[in-house]
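Here is the structure we will look at.
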Amino acid sequence: MEAILRRTLVELEKLGIKGILTHSEKAAAYMADGYARAGLRPAVCMAQSVGAANLAAGLQDSCLGHSPVLAFTGRKPPSHQYRNAYQEIPHYVMFDAVTKYNVEVYNLEQLPHLLAQAFREATTGTPGPVHIDFLGYEGNFTDEAEAELTPFCEQEFTCIPARRFHPNRSEINAAIQALEQAERPALVVGRGALVSGAGAEVKKLAETLNIPVAVSMDAKGIIPDDHPLNVGPIGTYCRPSANKVVAEADLVFFIGCNTGDQVTKDWTLPLPDTRIIQLDINPVELGRNYRGTISMLGDARTALRDLNKELHKSRKNESWNQQTRRYVQEYLEQVEPQCSADSVPIRPERLCREISAILPRDAIVFADTGFSAIWAGSLIDLVSPDQLFLRASGSLGWAFPASLGGKCALPQRPVLCFTGDGGFWYHISELETAVRWNIPTVTIISNNSVLGQSQLGVRRAYRGEVGKEVDQYRFNNTDFAKLAADMGAFGLRVERPDDIRPALLEALASGKPAVIDVVTEAESFPLL
Ligand SMILES: Cc1ncc(C[n+]2csc(CCOP(=O)(O)OP(=O)(O)O)c2C)c(N)n1
């Protein structure tokens with residue numbers, strides 16, 4: 001939060017609510033987002049008028065990631081509008097693209113209604129960010145106005161999913177019939193299922209009918225990565241085994257999964273004519289991208305519980321299961337040389353193996369986007385149901401501030417952040433915020449001094465011509481551990497694979513915000 005609702009913050013302090021001052025409004029939005037995604041409850045970020053554009057930019061990821069973030073801003077009074085007011089452009093349009101509810105407050109009497117509605121909007125249906133624009137450039141009309149208002153909180157809208165409802169019986173029957181008829185069924189599980197806490201039900205369904213489970217990157221860990229039916233993340237950021245399985249399936253059951261371009265590899269998966277079942281909490285998602293979808297409207301955990309109760313016989317499908325296991329095995333054999341490589345600079349795959357080896361049973365891993373998401377999503381193994389994986393919904397630089405927010409939501413849990421150096425540069429200033437508030441996360445930087453994922457596109461653009469290609473993706477070699485130590489955090493630079501594990505363990509034990517700067521090989525490209 002940044003310089004706004006000052007009197008409100010004084011009152012909130014009396015209630016024990018902390019206001020974390022950040023260096024940028026965008027990072028404040030990312031911190032709130034990390035808090036909301038990890039804690040499964042709404043979080044608030046706010047900025048004064050001139051910071052509104054930065055705050056709105058930060059909401060892009062909560063919008064794409066369906067995260068219940070409440071953003072508050074202040075705007076100048078009507079007497080200043082339309083006459084070149086200093087520091088202000090219209091707020092409404094900026095927030096409209098990134099929120100599901102976007103309102104302006106003109107007087108105090110509106111507040112009880114709009115605040116309650118904001119929580120309701122953020123937490124129901126597909127969750128998402130909301131925005132309230134207060135009068136006064138610091139929202140300061142609330143400091144001055146007076147009214148007799150009774151504090152009021154609707155408990156059910158303080159978590160997600162706020163409402164859990166059952167699908168129709170006919171929908172359950174149709175889904176069961178399709179599942180029983182299928183010869184090569186596959187589940188594709190998304191973040192909706194994770195938010196719903198549907199892991200045990202997904203596992204039960206998969207095990208009863210022996211169905212392979214592909215996950216979107218957002219649902220990684222919903223069943224353990226080493227479960228024999230887990231074929232890995234699917235889509236453009238994937239384990240290729242998952243894509244192969246879904247391409248060969250004759251029935252695909254999307255569970256709390258948005259069927260967007262990333263998870264379906266630009267809608268090339270599943271193949272045309274594959275039967276589709278889709279379960280979602282939001283009716284507008286059902287059948288959005290596939291005709292003839294068998295729809296189930298409901299909360300994922302509730303609906304799968306209903307469905308599992310109706311499944312009376314288990315089934316075996318030896319040849320399909322053997323085939324799907326073979327795809328997973330092939331992938332693991334292909335990446336093994338990199339995962340066990342002793343080379344220097346360190347291979348990112350080896351880094352992921354070392355992280356997997358020390359990952360605490362209740363850890364939360366935040367991953368940034370680009371190659372970081374692919375390395376972490378495909379190669380950091382989550383083997384305990386208490387481990388949680390959260391990743392940027394596309395905005396580079398999200399993971400570090402989001403991980404700080406996640407630690408604030410769940411302070412007892414070890415929180416790790418996996419990011420490239422390109423991602424970490426965005427919000428390095430928030431390391432000071434972490435030190436000031438003692439938010440002890442461990443940030444692991446895969447530091448290859450390049451925008452790794454951008455390299456390929458830049459090279460394609462040059463078509464082999466000689467030019468200043470590297471200027472478009474290379475950074476100076478920077479020792480982030482030294483910077484971290486200078487700022488009062490724990491910092492270690494690692495250059496040899498065998499030093500990764502001890503460094504991570506030391507960082508976790510340090511009790512301080514920690515940065516492990518791992519010098520990685522720039523010419524490393526994931527298998528897709
Ligand atoms: C805000 C934003 N700008 C640009 C991109 C495009 N992009 C995706 S990955 C990437 C490079 C990531 O580099 P780095 O964080 O160093 O990680 P590496 O790929 O080297 O592991 C870029 C520029 C993006 N996702 N988000």
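Labels for the structure tokens follow display order: chains A, B, ..., residues from 1 in each chain, ligands from 1.
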
**Message:** Could you list, as number ranges by chain, all protein and nucleic acid residues with an atom at most 7 Å from ligand 1, counting only C-alpha atoms and all ligand atoms?
**Reply:** A: 369-372, 394-397, 419-424, 446-454, 522

**Request:** Report as number ranges by chain: the residues of segment 97-157 of chain A with a DSSP assignment of strand (DSSP E), based on the backbone of this structure.
**Result:** A: 101-104, 130-135

Expected file contents, prior selection, C-alpha atoms, as a PDB file, in the first residue's frame:
```pdb
ATOM      1  CA  TYR A 101     -16.209  -5.185 -10.245  1.00  0.00           C
ATOM      2  CA  ASN A 102     -15.130  -1.559 -10.523  1.00  0.00           C
ATOM      3  CA  VAL A 103     -16.951   1.200  -8.613  1.00  0.00           C
ATOM      4  CA  GLU A 104     -16.575   4.796  -7.476  1.00  0.00           C
ATOM      5  CA  VAL A 130     -12.214  -5.688  -7.634  1.00  0.00           C
ATOM      6  CA  HIS A 131     -11.557  -1.961  -7.472  1.00  0.00           C
ATOM      7  CA  ILE A 132     -13.022   0.828  -5.360  1.00  0.00           C
ATOM      8  CA  ASP A 133     -12.123   4.425  -6.228  1.00  0.00           C
ATOM      9  CA  PHE A 134     -12.525   6.701  -3.212  1.00  0.00           C
ATOM     10  CA  LEU A 135     -13.132  10.423  -3.278  1.00  0.00           C
TER      11      LEU A 135
END
```

**Message:** So that I can see what lies close to segment 232-234 of chain A, please list as a ChimeraX atom specification the residues with an atom at most 6 Å from it, counting only C-alpha atoms and leaving out residues fewer than 2 positions away in the same chain.
**Reply:** /A:214-217,230,238-239,242-243,263

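Of the residues listed (A:Glu285, A:Asp479, A:Asp362, A:Asp342), A:Asp342 shows the shortest atom-to-atom separation from Asp498 of chain A; distances use only C-alpha atoms.
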
**Item:** Near-Ile255 of chain A list (8 Å; only C-alpha atoms; drop same-chain fewer than 3 positions) as a VMD selection string
**Value:** chain A and resid 187 to 190 192 to 193 278 to 280 300

Could you dump the residues just selected with C-alpha atoms as a compact mmCIF listing (two decimals), in the first residue's frame?
```txt
# COMPACT_ATOMS: atom_id res chain seq x y z
CA LEU A 187 -8.55 -35.84 -16.45
CA VAL A 188 -7.26 -32.28 -16.95
CA VAL A 189 -7.29 -30.54 -13.60
CA GLY A 190 -7.02 -26.76 -13.15
CA GLY A 192 -10.42 -24.23 -9.71
CA ALA A 193 -9.95 -27.71 -8.29
CA GLN A 278 -16.31 -29.97 -18.02
CA LEU A 279 -16.90 -29.14 -14.36
CA ASP A 280 -16.76 -25.50 -13.31
CA ALA A 300 -15.19 -28.99 -7.78
```

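Atom pair atom CA of Asn54 of chain A / atom CA of Leu115 of chain A: separated by 22.2 Å.
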
**Request:** Find the residues near segment 318-334 of chain A: any atom within 8 Å, counting only C-alpha atoms, skip ones fewer than 6 places away on the same chain, and give them as a PyMOL selection string.
**Result:** chain A and resi 183-184+210-212+228-229+231-232+239-242+244-245

For the residues selected in the previous step, produce a file with all heavy atoms as a CSV table (one decimal), in the first residue's frame.
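Dumped to result-v6.csv:
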```
chain,number,residue,atom,x,y,z
A,183,GLU,N,-12.8,-45.5,-23.4
A,183,GLU,CA,-11.7,-46.5,-23.4
A,183,GLU,C,-10.4,-45.9,-23.0
A,183,GLU,O,-9.6,-46.5,-22.4
A,183,GLU,CB,-11.6,-47.1,-24.8
A,183,GLU,CG,-12.7,-48.0,-25.1
A,183,GLU,CD,-12.7,-48.6,-26.5
A,183,GLU,OE1,-11.6,-48.4,-27.2
A,183,GLU,OE2,-13.7,-49.2,-26.9
A,184,ARG,N,-10.2,-44.6,-23.3
A,184,ARG,CA,-9.0,-43.9,-23.0
A,184,ARG,C,-9.3,-42.5,-22.4
A,184,ARG,O,-9.0,-41.5,-22.9
A,184,ARG,CB,-8.1,-43.7,-24.2
A,184,ARG,CG,-7.6,-45.1,-24.9
A,184,ARG,CD,-6.8,-44.8,-26.1
A,184,ARG,NE,-7.4,-43.9,-27.0
A,184,ARG,CZ,-8.5,-44.2,-27.9
A,184,ARG,NH1,-9.0,-45.4,-27.9
A,184,ARG,NH2,-9.0,-43.3,-28.6
A,210,ASN,N,-9.0,-45.7,-12.8
A,210,ASN,CA,-7.7,-45.8,-13.4
A,210,ASN,C,-7.5,-44.8,-14.5
A,210,ASN,O,-7.1,-45.2,-15.6
A,210,ASN,CB,-7.5,-47.2,-13.9
A,210,ASN,CG,-6.5,-47.9,-13.0
A,210,ASN,OD1,-5.4,-47.4,-12.9
A,210,ASN,ND2,-6.9,-49.0,-12.4
A,211,ILE,N,-7.8,-43.5,-14.2
A,211,ILE,CA,-7.7,-42.5,-15.3
A,211,ILE,C,-6.4,-41.7,-15.1
A,211,ILE,O,-6.1,-41.2,-14.0
A,211,ILE,CB,-8.9,-41.5,-15.2
A,211,ILE,CG1,-10.2,-42.3,-15.2
A,211,ILE,CG2,-8.9,-40.6,-16.3
A,211,ILE,CD1,-11.4,-41.5,-15.2
A,212,PRO,N,-5.6,-41.5,-16.1
A,212,PRO,CA,-4.4,-40.6,-16.0
A,212,PRO,C,-4.8,-39.2,-15.7
A,212,PRO,O,-5.9,-38.7,-16.2
A,212,PRO,CB,-3.7,-40.8,-17.3
A,212,PRO,CG,-4.7,-41.3,-18.3
A,212,PRO,CD,-5.7,-42.1,-17.4
A,228,PRO,N,1.4,-42.7,-9.7
A,228,PRO,CA,1.6,-43.4,-10.9
A,228,PRO,C,0.6,-42.9,-12.0
A,228,PRO,O,0.8,-43.1,-13.2
A,228,PRO,CB,1.3,-44.9,-10.6
A,228,PRO,CG,1.0,-44.9,-9.1
A,228,PRO,CD,1.3,-43.6,-8.5
A,229,LEU,N,-0.5,-42.3,-11.6
A,229,LEU,CA,-1.5,-41.8,-12.6
A,229,LEU,C,-1.2,-40.3,-13.1
A,229,LEU,O,-1.8,-39.8,-14.0
A,229,LEU,CB,-2.9,-41.9,-12.1
A,229,LEU,CG,-3.4,-43.3,-11.9
A,229,LEU,CD1,-4.8,-43.3,-11.2
A,229,LEU,CD2,-3.6,-44.0,-13.3
A,231,VAL,N,0.4,-37.6,-15.0
A,231,VAL,CA,1.2,-37.6,-16.2
A,231,VAL,C,1.9,-36.2,-16.4
A,231,VAL,O,2.5,-35.9,-17.4
A,231,VAL,CB,0.4,-38.0,-17.5
A,231,VAL,CG1,0.1,-39.4,-17.4
A,231,VAL,CG2,-0.8,-37.1,-17.7
A,232,GLY,N,1.6,-35.2,-15.5
A,232,GLY,CA,2.3,-34.0,-15.5
A,232,GLY,C,1.5,-32.8,-16.0
A,232,GLY,O,0.3,-33.0,-16.4
A,239,ARG,N,5.0,-31.0,-19.3
A,239,ARG,CA,5.8,-32.2,-19.6
A,239,ARG,C,5.2,-32.8,-20.8
A,239,ARG,O,4.0,-33.1,-20.8
A,239,ARG,CB,5.6,-33.2,-18.4
A,239,ARG,CG,6.5,-32.9,-17.2
A,239,ARG,CD,6.4,-34.0,-16.2
A,239,ARG,NE,7.4,-33.8,-15.2
A,239,ARG,CZ,7.7,-34.7,-14.2
A,239,ARG,NH1,7.0,-35.9,-14.2
A,239,ARG,NH2,8.6,-34.4,-13.3
A,240,PRO,N,6.0,-33.1,-21.8
A,240,PRO,CA,5.4,-33.6,-23.1
A,240,PRO,C,4.5,-34.8,-22.9
A,240,PRO,O,3.6,-35.0,-23.7
A,240,PRO,CB,6.6,-33.8,-24.0
A,240,PRO,CG,7.7,-33.0,-23.4
A,240,PRO,CD,7.4,-32.8,-22.0
A,241,SER,N,4.8,-35.6,-21.8
A,241,SER,CA,4.0,-36.8,-21.6
A,241,SER,C,2.5,-36.4,-21.4
A,241,SER,O,1.6,-37.2,-21.9
A,241,SER,CB,4.5,-37.5,-20.3
A,241,SER,OG,4.7,-36.5,-19.3
A,242,ALA,N,2.2,-35.3,-20.8
A,242,ALA,CA,0.8,-34.9,-20.6
A,242,ALA,C,0.1,-34.6,-21.9
A,242,ALA,O,-1.0,-35.0,-22.1
A,242,ALA,CB,0.7,-33.8,-19.6
A,244,LYS,N,0.9,-35.8,-24.8
A,244,LYS,CA,0.7,-37.0,-25.6
A,244,LYS,C,-0.5,-37.8,-25.1
A,244,LYS,O,-1.3,-38.3,-25.9
A,244,LYS,CB,2.0,-37.9,-25.5
A,244,LYS,CG,3.1,-37.3,-26.3
A,244,LYS,CD,4.3,-38.3,-26.2
A,244,LYS,CE,5.6,-37.6,-26.8
A,244,LYS,NZ,6.8,-38.3,-26.4
A,245,VAL,N,-0.6,-37.8,-23.8
A,245,VAL,CA,-1.8,-38.6,-23.2
A,245,VAL,C,-3.1,-38.0,-23.6
A,245,VAL,O,-4.0,-38.6,-24.1
A,245,VAL,CB,-1.6,-38.7,-21.7
A,245,VAL,CG1,-2.9,-39.2,-21.0
A,245,VAL,CG2,-0.4,-39.6,-21.3
```

**Request:** Using backbone DSSP assignments, extract all alpha helix (DSSP H) residues from segment 152-387 of chain A; output them as a PyMOL selection string.
**Result:** chain A and resi 169-181+191-196+199-209+240-248+300-310+318-339+348-358+371-379

**Item:** Nearby residues (only C-alpha atoms) at most 8 Å from Trp437 of chain A, same-chain spacing under 3 positions excluded, as an NGL selection string
**Value:** :A and (20 or 433-434)

**Request:** Return the single residue from A:Ala162, A:Ala147, A:Ile516, A:Ala461 that is closest to Arg120 of chain A, with distances computed using only C-alpha atoms.
**Result:** A:Ala162

**Asked** Which residues come within 12 Å of Lys482 of chain A, counting only C-alpha atoms, excluding same-chain residues fewer than 5 positions away, as a ChimeraX atom specification?
**Response** /A:487-494,514-517

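Among the candidate residues A:Tyr35, A:Phe389, A:Tyr30, A:Phe141, the one lying nearest to Arg7 of chain A is A:Phe141, with distances computed using only C-alpha atoms.
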
**Item:** d(atom CA of Leu59 of chain A, atom CA of Pro129 of chain A) in Å
**Value:** 7.0 Å

**Message:** With distances taken over only C-alpha atoms, which residue among A:Gln110, A:Ser384, A:Thr8, A:Ser49 lies nearest His227 of chain A?
**Reply:** A:Ser384
